[in-house]
Amino acid sequence: MIALLGATGTIGRHVAADLAERGADARAVVRDPSRSDVPLPVVHGDLTQPQTLRAAFDGAERLLLLTPHGPEQDLHEAAAVEAAVAAGVQRIVKISGGAPSLGPNGPSPTAVGHWRTERLIEASGLRWTFLRPSFVMQNVLSLPLTGGLLLAPMGRAPIAMVDARDVAACAVAALTGSDGDGAWHLTGPAGVTFADVVPHLGARRYVNVPRKVAAMAMRRRGATPFEVEHAIGMAGYLASGADGAPTDDVRRLIGRPPRSLEQFFEDEKGT
């Protein structure tokens with residue numbers, strides 16, 4: 001039995017769909033069990049109410065740990081790990097942060113939270129797989145366009161962007177296979193810049209907005225202090241070029257190369 005946390009998000013919904021298509025023995029752990037948009041059986045489990053997780057994981061041998069970003073992310077994940085151990089889960093597959101960002105002095109609270117959870121899982125005695133994706137391609141679809149300009153504080157360094165569907169495929173491989181233990185840095189096939197994204201979005205050019213200006217704009221739009229700190233911290237990290245080198249880990253896990261940026265946008269046109 002496989003239990004999924006995060007089955008309704010950008011990556012998790014693809015994991016759920018793939019497992020459902022395979023007829024896998026799996027269930028989604030969701031806050032609202034009346035949801036009809038999940039293609040798997042659902043059970044109630046709420047990360048903000050840790051006492052609900054033990055029963056939700058009962059009978060599961062493997063757990064996908066995928067939680068939304070937030071100021072209490074590491075606390076929620078710690079509660080999930082504790083419940084998984086108590087329920088007899090044998091292996092955790094965690095969707096983590098980009099490999100170069102992880103550490104006690106990571107560029108954002110989320111990066112530090114991912115690092116803390118990884119250390120906790122390592123100490124739990126469970127088997128584990130850490131999937132550490134680079135910047136997810138789907139995120140570029142929500143970037144603001146103003147007067148035909150793509151405005152973002154992401155610098156001009158290459159980023160080895162990865163398709164969320166490839167991250168999901170790697171998660172399914174780890175959840176259903178006998179291999180995959182360890183940490184995997186998931187990237188696309190090549191480093192791309194935000195200038196490379198421009199023609200696919202129909203913009204005229206990319207404008208590298210100073211991070212201070214981007215932070216002010218986010219605050220004006222009502223972003224929380226956590227959201228601003230996370231976004232600006234990660235923008236600085238990506239602008240540094242720290243996550244620009246592609247790896248072969250997607251192919252090693254799923255037996256095919258990852259999708260390119262061009263393939264991603266071509267698929268978007270067909271949806």
# chains A, B, ... in the order shown; residues from 1 in each chain; ligands from 1
$ select_by_dssp --residues "region 185-244 of chain A" --states "alpha helix (DSSP H)" --output "number ranges by chain"
A: 194-201, 211-220, 225-239
$ residues_around --residues "Gly180 (chain A)" --least-positions-apart "3" --cutoff "7 Å" --atoms "only C-alpha atoms" --output "VMD selection string"
chain A and resid 129 174 253
$ residues_around --residues "Asp37 (chain A)" --least-positions-apart "4" --cutoff "12 Å" --atoms "only C-alpha atoms" --output "list of chain:residue names"
A:Ala7, A:Thr8, A:Gly9, A:Arg13, A:His14, A:Ala16, A:Ala17, A:Ala28, A:Val30, A:Asp32, A:Pro33, A:Pro41, A:Val42
$ residues_around --residues "Ala20 (chain A)" --least-positions-apart "5" --cutoff "8 Å" --atoms "only C-alpha atoms" --output "PyMOL selection string"
chain A and resi 26+39-40
$ write_last_selection --atoms "C-alpha atoms" --output "PDB file, in the first residue's frame"
ATOM      1  CA  ALA A  26      -2.582   3.469  -3.236  1.00  0.00           C
ATOM      2  CA  PRO A  39      -8.215   9.603  -9.059  1.00  0.00           C
ATOM      3  CA  LEU A  40      -7.409   7.437  -6.022  1.00  0.00           C
TER       4      LEU A  40
END
$ residues_around --residues "Ala111 (chain A)" --least-positions-apart "6" --cutoff "10 Å" --atoms "only C-alpha atoms" --output "PyMOL selection string"
chain A and resi 69+74+96-105+230+233-234
$ write_last_selection --atoms "N, CA and C atoms" --output "CSV table (one decimal), in the first residue's frame"
chain,number,residue,atom,x,y,z
A,69,HIS,N,4.7,24.7,0.6
A,69,HIS,CA,5.6,25.6,1.3
A,69,HIS,C,4.8,26.4,2.3
A,74,ASP,N,8.4,22.5,8.1
A,74,ASP,CA,9.3,21.4,8.7
A,74,ASP,C,8.5,20.8,9.9
A,96,SER,N,11.9,17.1,-2.2
A,96,SER,CA,12.7,18.0,-1.4
A,96,SER,C,13.0,19.2,-2.2
A,97,GLY,N,14.0,20.0,-1.9
A,97,GLY,CA,14.4,21.2,-2.6
A,97,GLY,C,15.6,20.9,-3.5
A,98,GLY,N,15.9,21.8,-4.4
A,98,GLY,CA,17.0,21.7,-5.3
A,98,GLY,C,18.3,21.4,-4.5
A,99,ALA,N,19.0,20.4,-4.9
A,99,ALA,CA,20.1,19.9,-4.1
A,99,ALA,C,21.1,20.9,-3.6
A,100,PRO,N,21.6,21.9,-4.5
A,100,PRO,CA,22.5,22.9,-4.0
A,100,PRO,C,22.0,23.8,-3.0
A,101,SER,N,20.7,23.9,-2.8
A,101,SER,CA,20.1,24.9,-1.9
A,101,SER,C,20.0,24.4,-0.5
A,102,LEU,N,20.1,23.1,-0.3
A,102,LEU,CA,19.9,22.5,1.0
A,102,LEU,C,21.0,22.7,2.0
A,103,GLY,N,20.6,23.0,3.3
A,103,GLY,CA,21.6,23.1,4.3
A,103,GLY,C,21.1,24.0,5.4
A,104,PRO,N,21.8,24.1,6.5
A,104,PRO,CA,21.3,24.9,7.6
A,104,PRO,C,21.3,26.4,7.4
A,105,ASN,N,22.0,26.8,6.3
A,105,ASN,CA,22.1,28.2,5.9
A,105,ASN,C,21.6,28.4,4.5
A,230,HIS,N,10.8,33.7,1.0
A,230,HIS,CA,11.0,32.5,0.2
A,230,HIS,C,11.3,32.8,-1.3
A,233,GLY,N,14.6,34.9,-1.7
A,233,GLY,CA,15.8,34.0,-1.4
A,233,GLY,C,16.1,33.1,-2.5
A,234,MET,N,15.0,32.4,-3.0
A,234,MET,CA,15.2,31.4,-4.1
A,234,MET,C,15.6,32.1,-5.4
$ residues_around --residues "Arg165 (chain A)" --least-positions-apart "5" --cutoff "10 Å" --atoms "only C-alpha atoms" --output "PyMOL selection string"
chain A and resi 10-15+18+136-138+170-171+258-259+264
$ write_last_selection --atoms "C-alpha atoms" --output "PDB file, in the first residue's frame"
ATOM      1  CA  THR A  10       1.512  20.510  -9.206  1.00  0.00           C
ATOM      2  CA  ILE A  11       3.610  17.357  -8.842  1.00  0.00           C
ATOM      3  CA  GLY A  12       1.379  15.181  -6.670  1.00  0.00           C
ATOM      4  CA  ARG A  13      -1.595  15.176  -9.026  1.00  0.00           C
ATOM      5  CA  HIS A  14       0.579  13.541 -11.694  1.00  0.00           C
ATOM      6  CA  VAL A  15       1.797  10.947  -9.172  1.00  0.00           C
ATOM      7  CA  ASP A  18       0.005   7.597 -12.779  1.00  0.00           C
ATOM      8  CA  VAL A 136       9.920  23.381 -11.994  1.00  0.00           C
ATOM      9  CA  MET A 137       9.001  24.456 -15.538  1.00  0.00           C
ATOM     10  CA  GLN A 138       5.327  24.853 -14.684  1.00  0.00           C
ATOM     11  CA  CYS A 170      10.575   9.625 -10.643  1.00  0.00           C
ATOM     12  CA  ALA A 171       8.382   9.568  -7.527  1.00  0.00           C
ATOM     13  CA  PRO A 258      13.733  14.391 -19.102  1.00  0.00           C
ATOM     14  CA  ARG A 259      11.557  16.689 -21.176  1.00  0.00           C
ATOM     15  CA  PHE A 264       7.126  21.337 -22.201  1.00  0.00           C
TER      16      PHE A 264
END
$ closest_residue --among "A:Pro109, A:His44, A:Ser260, A:Gly155" --to "Asn208 (chain A)" --atoms "only C-alpha atoms"
A:Gly155
$ residues_around --residues "Ala56 (chain A)" --least-positions-apart "5" --cutoff "10 Å" --atoms "only C-alpha atoms" --output "ChimeraX atom specification"
/A:3-4,27-30,42-46,51,83-84,87
$ atom_distance --atom1 "CA of Asp196 (chain A)" --atom2 "CA of Val250 (chain A)"
22.0 Å
$ closest_residue --among "A:Val167, A:Ile121, A:Leu47, A:Val140" --to "Phe194 (chain A)" --atoms "only C-alpha atoms"
A:Val140
$ select_by_dssp --residues "region 72-240 of chain A" --states "strand (DSSP E)" --output "number ranges by chain"
A: 91-95, 127-133, 145-146, 149-152, 182-186, 205-208
$ closest_residue --among "A:Arg91, A:His76, A:Arg35, A:Arg211" --to "Thr117 (chain A)" --atoms "only C-alpha atoms"
A:His76
$ closest_residue --among "A:Gly106, A:Gly6, A:Gly88, A:Pro144" --to "Gly59 (chain A)" --atoms "only C-alpha atoms"
A:Gly88
$ closest_residue --among "A:Ile92, A:Leu186, A:Ala157, A:Val38" --to "Arg132 (chain A)" --atoms "only C-alpha atoms"
A:Leu186
$ closest_residue --among "A:Ala24, A:Ala60, A:Ala168, A:Leu65" --to "Val93 (chain A)" --atoms "only C-alpha atoms"
A:Leu65
$ atom_distance --atom1 "CA of Ser124 (chain A)" --atom2 "CA of Arg31 (chain A)"
25.0 Å
$ atom_distance --atom1 "CA of Asp243 (chain A)" --atom2 "CA of Arg116 (chain A)"
20.1 Å
$ decode --residues "region 129-244 of chain A" --atoms "C-alpha atoms" --output "PDB file, in the first residue's frame"
ATOM      1  CA  THR A 129      14.445   8.426  -1.290  1.00  0.00           C
ATOM      2  CA  PHE A 130      15.013  12.180  -1.566  1.00  0.00           C
ATOM      3  CA  LEU A 131      13.964  13.689  -4.897  1.00  0.00           C
ATOM      4  CA  ARG A 132      15.535  17.128  -5.220  1.00  0.00           C
ATOM      5  CA  PRO A 133      14.116  18.909  -8.262  1.00  0.00           C
ATOM      6  CA  SER A 134      15.508  22.043  -9.816  1.00  0.00           C
ATOM      7  CA  PHE A 135      13.148  24.917 -10.685  1.00  0.00           C
ATOM      8  CA  VAL A 136       9.920  23.381 -11.994  1.00  0.00           C
ATOM      9  CA  MET A 137       9.001  24.456 -15.538  1.00  0.00           C
ATOM     10  CA  GLN A 138       5.327  24.853 -14.684  1.00  0.00           C
ATOM     11  CA  ASN A 139       6.253  27.809 -12.471  1.00  0.00           C
ATOM     12  CA  VAL A 140       7.091  29.980 -15.482  1.00  0.00           C
ATOM     13  CA  LEU A 141       3.425  29.964 -16.503  1.00  0.00           C
ATOM     14  CA  SER A 142       2.525  32.169 -13.529  1.00  0.00           C
ATOM     15  CA  LEU A 143       5.200  34.818 -14.134  1.00  0.00           C
ATOM     16  CA  PRO A 144       3.861  38.344 -14.768  1.00  0.00           C
ATOM     17  CA  LEU A 145       3.883  39.848 -18.243  1.00  0.00           C
ATOM     18  CA  THR A 146       3.658  43.631 -18.411  1.00  0.00           C
ATOM     19  CA  GLY A 147       3.536  45.420 -21.735  1.00  0.00           C
ATOM     20  CA  GLY A 148       5.020  42.391 -23.445  1.00  0.00           C
ATOM     21  CA  LEU A 149       7.852  42.170 -20.942  1.00  0.00           C
ATOM     22  CA  LEU A 150       8.634  39.196 -18.700  1.00  0.00           C
ATOM     23  CA  LEU A 151       9.460  40.711 -15.317  1.00  0.00           C
ATOM     24  CA  ALA A 152      11.303  38.547 -12.787  1.00  0.00           C
ATOM     25  CA  PRO A 153      14.282  38.791 -10.409  1.00  0.00           C
ATOM     26  CA  MET A 154      15.825  35.531 -11.619  1.00  0.00           C
ATOM     27  CA  GLY A 155      19.067  36.831 -13.100  1.00  0.00           C
ATOM     28  CA  ARG A 156      20.588  35.626 -16.341  1.00  0.00           C
ATOM     29  CA  ALA A 157      22.358  32.444 -15.288  1.00  0.00           C
ATOM     30  CA  PRO A 158      21.227  29.087 -16.712  1.00  0.00           C
ATOM     31  CA  ILE A 159      18.785  27.002 -14.638  1.00  0.00           C
ATOM     32  CA  ALA A 160      18.382  23.272 -15.267  1.00  0.00           C
ATOM     33  CA  MET A 161      14.570  23.520 -15.135  1.00  0.00           C
ATOM     34  CA  VAL A 162      12.640  20.252 -14.843  1.00  0.00           C
ATOM     35  CA  ASP A 163       9.086  19.330 -15.835  1.00  0.00           C
ATOM     36  CA  ALA A 164       6.824  18.480 -12.886  1.00  0.00           C
ATOM     37  CA  ARG A 165       5.655  15.412 -14.800  1.00  0.00           C
ATOM     38  CA  ASP A 166       9.208  14.065 -14.828  1.00  0.00           C
ATOM     39  CA  VAL A 167       9.541  14.659 -11.094  1.00  0.00           C
ATOM     40  CA  ALA A 168       6.250  12.775 -10.633  1.00  0.00           C
ATOM     41  CA  ALA A 169       7.462   9.895 -12.804  1.00  0.00           C
ATOM     42  CA  CYS A 170      10.575   9.625 -10.643  1.00  0.00           C
ATOM     43  CA  ALA A 171       8.382   9.568  -7.527  1.00  0.00           C
ATOM     44  CA  VAL A 172       6.247   6.778  -8.982  1.00  0.00           C
ATOM     45  CA  ALA A 173       9.378   4.783  -9.841  1.00  0.00           C
ATOM     46  CA  ALA A 174      10.621   5.128  -6.273  1.00  0.00           C
ATOM     47  CA  LEU A 175       7.224   4.311  -4.759  1.00  0.00           C
ATOM     48  CA  THR A 176       6.622   1.209  -6.857  1.00  0.00           C
ATOM     49  CA  GLY A 177      10.116  -0.179  -7.478  1.00  0.00           C
ATOM     50  CA  SER A 178      12.733  -1.899  -5.400  1.00  0.00           C
ATOM     51  CA  ASP A 179      15.513   0.529  -6.338  1.00  0.00           C
ATOM     52  CA  GLY A 180      15.879   4.261  -5.901  1.00  0.00           C
ATOM     53  CA  ASP A 181      17.163   4.566  -2.349  1.00  0.00           C
ATOM     54  CA  GLY A 182      19.302   7.655  -1.817  1.00  0.00           C
ATOM     55  CA  ALA A 183      19.204  11.256  -3.009  1.00  0.00           C
ATOM     56  CA  TRP A 184      18.547  12.304  -6.595  1.00  0.00           C
ATOM     57  CA  HIS A 185      19.065  15.743  -8.156  1.00  0.00           C
ATOM     58  CA  LEU A 186      16.325  16.021 -10.788  1.00  0.00           C
ATOM     59  CA  THR A 187      16.876  18.426 -13.672  1.00  0.00           C
ATOM     60  CA  GLY A 188      15.935  18.960 -17.265  1.00  0.00           C
ATOM     61  CA  PRO A 189      18.338  18.058 -20.091  1.00  0.00           C
ATOM     62  CA  ALA A 190      20.028  21.471 -20.242  1.00  0.00           C
ATOM     63  CA  GLY A 191      20.410  24.754 -18.443  1.00  0.00           C
ATOM     64  CA  VAL A 192      18.063  27.439 -19.781  1.00  0.00           C
ATOM     65  CA  THR A 193      17.699  31.124 -18.973  1.00  0.00           C
ATOM     66  CA  PHE A 194      14.620  33.250 -18.529  1.00  0.00           C
ATOM     67  CA  ALA A 195      15.495  34.892 -21.815  1.00  0.00           C
ATOM     68  CA  ASP A 196      14.998  31.436 -23.371  1.00  0.00           C
ATOM     69  CA  VAL A 197      11.499  31.349 -21.887  1.00  0.00           C
ATOM     70  CA  VAL A 198      10.437  34.666 -23.429  1.00  0.00           C
ATOM     71  CA  PRO A 199       9.441  33.493 -26.959  1.00  0.00           C
ATOM     72  CA  HIS A 200       7.370  30.649 -25.541  1.00  0.00           C
ATOM     73  CA  LEU A 201       5.303  33.068 -23.455  1.00  0.00           C
ATOM     74  CA  GLY A 202       4.766  35.509 -26.303  1.00  0.00           C
ATOM     75  CA  ALA A 203       6.771  38.214 -24.552  1.00  0.00           C
ATOM     76  CA  ARG A 204       9.125  40.680 -26.231  1.00  0.00           C
ATOM     77  CA  ARG A 205      12.009  40.356 -23.791  1.00  0.00           C
ATOM     78  CA  TYR A 206      13.029  39.454 -20.275  1.00  0.00           C
ATOM     79  CA  VAL A 207      13.706  42.175 -17.714  1.00  0.00           C
ATOM     80  CA  ASN A 208      15.830  41.144 -14.740  1.00  0.00           C
ATOM     81  CA  VAL A 209      14.078  43.072 -11.960  1.00  0.00           C
ATOM     82  CA  PRO A 210      16.181  43.905  -8.867  1.00  0.00           C
ATOM     83  CA  ARG A 211      15.177  41.666  -5.979  1.00  0.00           C
ATOM     84  CA  LYS A 212      14.342  44.627  -3.740  1.00  0.00           C
ATOM     85  CA  VAL A 213      11.935  45.948  -6.364  1.00  0.00           C
ATOM     86  CA  ALA A 214      10.378  42.486  -6.789  1.00  0.00           C
ATOM     87  CA  ALA A 215       9.930  42.212  -3.016  1.00  0.00           C
ATOM     88  CA  MET A 216       8.147  45.569  -2.900  1.00  0.00           C
ATOM     89  CA  ALA A 217       5.851  44.507  -5.733  1.00  0.00           C
ATOM     90  CA  MET A 218       5.009  41.253  -3.951  1.00  0.00           C
ATOM     91  CA  ARG A 219       4.152  43.113  -0.755  1.00  0.00           C
ATOM     92  CA  ARG A 220       1.880  45.473  -2.684  1.00  0.00           C
ATOM     93  CA  ARG A 221       0.059  42.447  -4.098  1.00  0.00           C
ATOM     94  CA  GLY A 222      -0.540  41.155  -0.565  1.00  0.00           C
ATOM     95  CA  ALA A 223       2.173  38.497  -0.280  1.00  0.00           C
ATOM     96  CA  THR A 224       2.978  37.392   3.252  1.00  0.00           C
ATOM     97  CA  PRO A 225       6.438  37.995   4.766  1.00  0.00           C
ATOM     98  CA  PHE A 226       7.151  34.272   4.417  1.00  0.00           C
ATOM     99  CA  GLU A 227       6.184  34.261   0.731  1.00  0.00           C
ATOM    100  CA  VAL A 228       8.406  37.261   0.050  1.00  0.00           C
ATOM    101  CA  GLU A 229      11.373  35.807   1.941  1.00  0.00           C
ATOM    102  CA  HIS A 230      11.037  32.455   0.181  1.00  0.00           C
ATOM    103  CA  ALA A 231      10.597  33.874  -3.324  1.00  0.00           C
ATOM    104  CA  ILE A 232      13.365  36.452  -3.086  1.00  0.00           C
ATOM    105  CA  GLY A 233      15.778  34.048  -1.404  1.00  0.00           C
ATOM    106  CA  MET A 234      15.249  31.418  -4.073  1.00  0.00           C
ATOM    107  CA  ALA A 235      15.506  34.031  -6.835  1.00  0.00           C
ATOM    108  CA  GLY A 236      18.938  35.017  -5.569  1.00  0.00           C
ATOM    109  CA  TYR A 237      19.978  31.381  -5.377  1.00  0.00           C
ATOM    110  CA  LEU A 238      18.870  30.650  -8.951  1.00  0.00           C
ATOM    111  CA  ALA A 239      20.395  33.887 -10.243  1.00  0.00           C
ATOM    112  CA  SER A 240      23.753  32.764  -8.852  1.00  0.00           C
ATOM    113  CA  GLY A 241      23.850  29.846 -11.314  1.00  0.00           C
ATOM    114  CA  ALA A 242      24.021  27.304  -8.480  1.00  0.00           C
ATOM    115  CA  ASP A 243      21.343  25.101 -10.086  1.00  0.00           C
ATOM    116  CA  GLY A 244      22.339  25.404 -13.716  1.00  0.00           C
TER     117      GLY A 244
END
